[in-house]
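Novice: Take a look at this one; I'll ask things after.
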Amino acid sequence: MYMLVNCSNCHTPLQLPPGANSNSICCAICHAITYIVDPRSAPPPPALSYSSSSQYQHYPPQPHPFQVVPSPFSHAPPGPPPAVHGPKRAVICAVSYKNTKNELKGCINDAMCMKYLLVNRFDFPESSIIMLTEEETDHYRRPTKSNMRLALSWLVQGCQPGDSLVFHFSGHGSQQKDYNGDELDGYDETLCPTDFETQGMIVDDEINAIIVKPLSHGVKLHAIIDACHSGTVLDLPFLCRMDRSGKYAWEDHRPRSGVWKGTSGGEVISLSGCDDDQTSADTSALSKITSTGAMTYSFIQAIERGHGTTYGSMLNAMRATIRKTTSELGGGIVTTLISMLLAGGNFSGGITQEPQLTASEPFDVYSKPFSL
């Protein structure tokens with residue numbers, strides 16, 4: 001049994017290890033202190049958060065200081081539980097937004113294809129893959145905001161040198177105003193869980209804090225993000241700006257504030273569906289059979305056709321697949337959250353996306369072998 005404590009400031013679920021004797025816990029996201037007390041006793045003191053103005057800010061105590069629930073990833077449906085310390089493990093998240101005006105058709109296909117690829121091409125054990133989809137009957141395996149946070153925390157838990165981790169997301173992405181000054185364009189990138197309209201989106205600052213910053217030396221994480229506005233959704237320090245001829249240069253995206261957005265010695269590489277100001281396609285134009293995310297389809301196709309030898313060849317192949325489809329059809333079905341919320345459904349237009357590569361450290365994309 002794990003104790004889950006909701007941060008008294010930002011309400012992020014915080015996980016206490018069994019037997020912990022501490023009477024407080026510090027949130028890794030907002031750095032507020034939440035006091036742990038017996039629920040039968042008096043309410044805890046106000047949480048404190050230290051701000052950049054060097055003054056303490058007080059937040060009102062929550063009515064329920066903590067709740068004890070079973071860890072959602074230690075009581076999986078029948079079958080062996082995911083291996084916390086396995087050398088290879090993955091979180092695959094597909095959000096279809098079923099029966100809403102934001103519905104996507106290809107996300108489940110993306111998730112199933114990605115799982116097949118990881119298991120059969122890259123030898124990931126099925127027992128070490130967490131699937132979050134709306135098809136799941138287990139409440140803890142549905143792609144809600146809370147479950148996505150917990151799954152990402154599980155992904156990096158207990159990492160050891162030699163571990164290879166994968167986070168794949170297929171769903172809506174969006175942007176919101178940046179309030180802490182760490183974005184060059186003034187906007188944070190976000191991922192949209194199935195309950196984003198009531199619980200909010202997951203912001204790139206939080207994703208970075210959960211799966212990037214804690215990554216220790218010798219651990220490798222790949223993020224494969226098939227969503228709109230996803231170019232820098234992990235807030236990694238470096239973006240590979242590549243033109244259509246394949247020539248590239250690394251852009252420095254480290255915040256001017258000096259806030260560190262890299263790892264604790266590990267390596268993170270993200271392949272995303274498009275630039276921050278672009279949209280990603282959910283379409284049947286590529287497979288000719290069924291709906292898929294254009295990014296996921298082009299990623300898998302690049303590997304299957306032998307173009308996944310280096311990161312440079314992978315990125316060029318993915319972009320070529322999407323450009324070829326666009327030129328053949330003269331357009332496809334593009335879904336962007338903002339446009340769909342305004343229009344109330346899908347709309348037609350050209351597939352203008354270009355997959356992007358970001359990393360915790362710059363490297364030679366044409367000499368570094370691609371591997372998961």
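FYI, nothing fancy with the structure tokens labels: chains A, B, ... in order, residues from 1 per chain, ligands from 1 as they appear.
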Considering only C-alpha atoms, return as a PyMOL selection string whatever protein or nucleic-acid residues lie within 12 Å of A:Pro362, sequence-local ones (same chain, fewer than 5 positions apart) excluded.

Specialist: chain A and resi 236-241+248-253+262+267-269+311+357+368

Novice: Any idea what's packed within 8 Å of stretch 111-119 of chain A, counting only C-alpha atoms, ignoring anything in its chain fewer than 3 positions away? Could you give it as a list of chain:residue names?

Specialist: A:Ile92, A:Cys93, A:Ala94, A:Cys107, A:Ile108, A:Phe122, A:Asp123, A:Phe124, A:Pro125, A:Glu126, A:Ile129, A:Met131, A:His168, A:Ser170, A:Thr296, A:Ile300

Novice: For a test of reading the model, state the distance in Å between atom CA of A:Leu132 and atom CA of A:Glu354, rounded to one decimal.

Specialist: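 Interatomic distance, atom CA of A:Leu132 to atom CA of A:Glu354: 26.1 Å.
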
Novice: Any idea what's packed within 12 Å of A:Lys98, counting only C-alpha atoms, ignoring anything in its chain fewer than 2 positions away? Could you give it as a PyMOL selection string?

Specialist: chain A and resi 94-96+100-108+133-135+143+171+193-195

Novice: What does the file look like for those residues with N, CA, C and O atoms, as a tab-separated table (two decimals), in the first residue's frame?

Specialist:
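Final output, saved to part.tsv:
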chain	number	residue	atom	x	y	z
A	94	ALA	N	-3.16	6.75	-24.89
A	94	ALA	CA	-3.98	7.12	-26.04
A	94	ALA	C	-5.29	7.73	-25.54
A	94	ALA	O	-6.02	7.09	-24.79
A	95	VAL	N	-5.56	8.95	-25.95
A	95	VAL	CA	-6.76	9.65	-25.51
A	95	VAL	C	-7.63	9.96	-26.73
A	95	VAL	O	-7.22	10.74	-27.60
A	96	SER	N	-8.80	9.35	-26.80
A	96	SER	CA	-9.68	9.50	-27.97
A	96	SER	C	-10.79	10.52	-27.75
A	96	SER	O	-11.43	10.95	-28.71
A	100	THR	N	-17.32	13.07	-27.63
A	100	THR	CA	-17.24	14.51	-27.43
A	100	THR	C	-16.92	15.16	-28.77
A	100	THR	O	-16.53	14.50	-29.73
A	101	LYS	N	-17.03	16.48	-28.83
A	101	LYS	CA	-16.70	17.20	-30.06
A	101	LYS	C	-15.21	17.18	-30.35
A	101	LYS	O	-14.77	17.56	-31.43
A	102	ASN	N	-14.40	16.73	-29.38
A	102	ASN	CA	-12.96	16.66	-29.56
A	102	ASN	C	-12.48	15.28	-29.99
A	102	ASN	O	-11.27	15.02	-30.02
A	103	GLU	N	-13.39	14.37	-30.34
A	103	GLU	CA	-13.04	12.97	-30.57
A	103	GLU	C	-12.01	12.79	-31.69
A	103	GLU	O	-12.07	13.43	-32.73
A	104	LEU	N	-11.06	11.89	-31.42
A	104	LEU	CA	-10.05	11.48	-32.39
A	104	LEU	C	-10.24	10.01	-32.72
A	104	LEU	O	-10.63	9.22	-31.85
A	105	LYS	N	-9.95	9.63	-33.95
A	105	LYS	CA	-10.22	8.26	-34.40
A	105	LYS	C	-9.01	7.33	-34.33
A	105	LYS	O	-9.16	6.12	-34.22
A	106	GLY	N	-7.80	7.89	-34.43
A	106	GLY	CA	-6.64	7.03	-34.62
A	106	GLY	C	-5.81	6.73	-33.39
A	106	GLY	O	-4.84	5.97	-33.47
A	107	CYS	N	-6.17	7.28	-32.24
A	107	CYS	CA	-5.29	7.17	-31.07
A	107	CYS	C	-5.15	5.74	-30.54
A	107	CYS	O	-4.05	5.32	-30.17
A	108	ILE	N	-6.24	4.99	-30.51
A	108	ILE	CA	-6.16	3.61	-30.04
A	108	ILE	C	-5.29	2.79	-30.99
A	108	ILE	O	-4.47	1.96	-30.55
A	133	THR	N	-5.74	3.83	-21.83
A	133	THR	CA	-6.65	4.10	-22.94
A	133	THR	C	-8.08	4.12	-22.41
A	133	THR	O	-8.37	3.62	-21.32
A	134	GLU	N	-8.97	4.68	-23.21
A	134	GLU	CA	-10.37	4.71	-22.82
A	134	GLU	C	-11.06	3.36	-23.01
A	134	GLU	O	-12.22	3.19	-22.64
A	135	GLU	N	-10.33	2.41	-23.59
A	135	GLU	CA	-10.86	1.05	-23.75
A	135	GLU	C	-10.73	0.25	-22.46
A	135	GLU	O	-11.35	-0.81	-22.31
A	143	PRO	N	-6.93	7.22	-19.22
A	143	PRO	CA	-6.00	8.35	-19.33
A	143	PRO	C	-6.51	9.65	-18.73
A	143	PRO	O	-6.61	10.69	-19.39
A	171	GLY	N	-2.87	11.97	-28.73
A	171	GLY	CA	-4.07	12.68	-28.30
A	171	GLY	C	-3.94	14.16	-28.63
A	171	GLY	O	-3.12	14.56	-29.46
A	193	PRO	N	-5.42	15.29	-21.09
A	193	PRO	CA	-6.00	14.01	-20.66
A	193	PRO	C	-7.48	13.97	-21.00
A	193	PRO	O	-8.07	14.96	-21.46
A	194	THR	N	-8.09	12.84	-20.76
A	194	THR	CA	-9.49	12.68	-21.14
A	194	THR	C	-10.41	13.61	-20.36
A	194	THR	O	-11.48	13.99	-20.83
A	195	ASP	N	-9.98	14.04	-19.16
A	195	ASP	CA	-10.80	14.91	-18.33
A	195	ASP	C	-10.26	16.34	-18.29
A	195	ASP	O	-10.47	17.06	-17.30

Novice: For a quick check of understanding, using only C-alpha atoms, which of A:Asp235, A:Asp163, A:Asp138, A:Asp364 has the smallest distance to A:Ile210?

Specialist: A:Asp235

Novice: Hey, which of A:Ile25, A:Ala317, A:Cys274, A:Val156 ends up closest to A:Arg244? Count only C-alpha atoms.

Specialist: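 Of A:Ile25, A:Ala317, A:Cys274, A:Val156, the one nearest A:Arg244, counting only C-alpha atoms, is A:Ala317.
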
Novice: Which residue gives the smallest distance to A:Trp260 among A:Ala209, A:Val233, A:Cys228, A:Met295, with only C-alpha atoms counted?

Specialist: A:Ala209

Novice: Taking only C-alpha atoms into account, name the residue in A:Gly273, A:Gly173, A:Gly306, A:Gly162 that is nearest to A:Gln353.

Specialist: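 With only C-alpha atoms as the atom set, the closest residue is A:Gly273.
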
Novice: Write out as a PyMOL selection string all residues of stretch 219-272 of chain A that backbone DSSP assigns to strand (DSSP E or B).

Specialist: chain A and resi 220-226+238-242+248-252+264-265+267-272

Novice: Please save C-alpha atoms of the selected residues as a PDB file, in the first residue's frame.

Specialist:
ATOM      1  CA  LYS A 220      17.774   6.747 -21.277  1.00  0.00           C
ATOM      2  CA  LEU A 221      14.245   8.048 -21.944  1.00  0.00           C
ATOM      3  CA  HIS A 222      12.550   8.451 -25.321  1.00  0.00           C
ATOM      4  CA  ALA A 223       9.325  10.415 -25.599  1.00  0.00           C
ATOM      5  CA  ILE A 224       7.229   9.942 -28.748  1.00  0.00           C
ATOM      6  CA  ILE A 225       4.516  12.579 -28.705  1.00  0.00           C
ATOM      7  CA  ASP A 226       1.803  12.531 -31.383  1.00  0.00           C
ATOM      8  CA  PHE A 238      17.902  21.836 -27.047  1.00  0.00           C
ATOM      9  CA  LEU A 239      15.872  21.641 -30.266  1.00  0.00           C
ATOM     10  CA  CYS A 240      17.263  20.260 -33.537  1.00  0.00           C
ATOM     11  CA  ARG A 241      16.257  22.770 -36.221  1.00  0.00           C
ATOM     12  CA  MET A 242      16.489  20.877 -39.521  1.00  0.00           C
ATOM     13  CA  TYR A 248      20.529  21.055 -39.060  1.00  0.00           C
ATOM     14  CA  ALA A 249      21.646  23.157 -36.115  1.00  0.00           C
ATOM     15  CA  TRP A 250      20.799  22.856 -32.430  1.00  0.00           C
ATOM     16  CA  GLU A 251      18.787  25.726 -30.970  1.00  0.00           C
ATOM     17  CA  ASP A 252      19.396  26.614 -27.339  1.00  0.00           C
ATOM     18  CA  SER A 264      20.312  14.653 -13.337  1.00  0.00           C
ATOM     19  CA  GLY A 265      22.825  12.946 -15.617  1.00  0.00           C
ATOM     20  CA  GLU A 267      19.624  11.204 -21.433  1.00  0.00           C
ATOM     21  CA  VAL A 268      16.247  12.303 -22.795  1.00  0.00           C
ATOM     22  CA  ILE A 269      15.351  12.474 -26.480  1.00  0.00           C
ATOM     23  CA  SER A 270      11.908  13.481 -27.697  1.00  0.00           C
ATOM     24  CA  LEU A 271      10.397  12.957 -31.146  1.00  0.00           C
ATOM     25  CA  SER A 272       7.213  14.982 -31.504  1.00  0.00           C
TER      26      SER A 272
END

Novice: Per DSSP on the backbone, what are the alpha helix (DSSP H) residues of stretch 105-209 of chain A, as an NGL selection string?

Specialist: :A and (107-120 or 145-156 or 196-199 or 204-207)
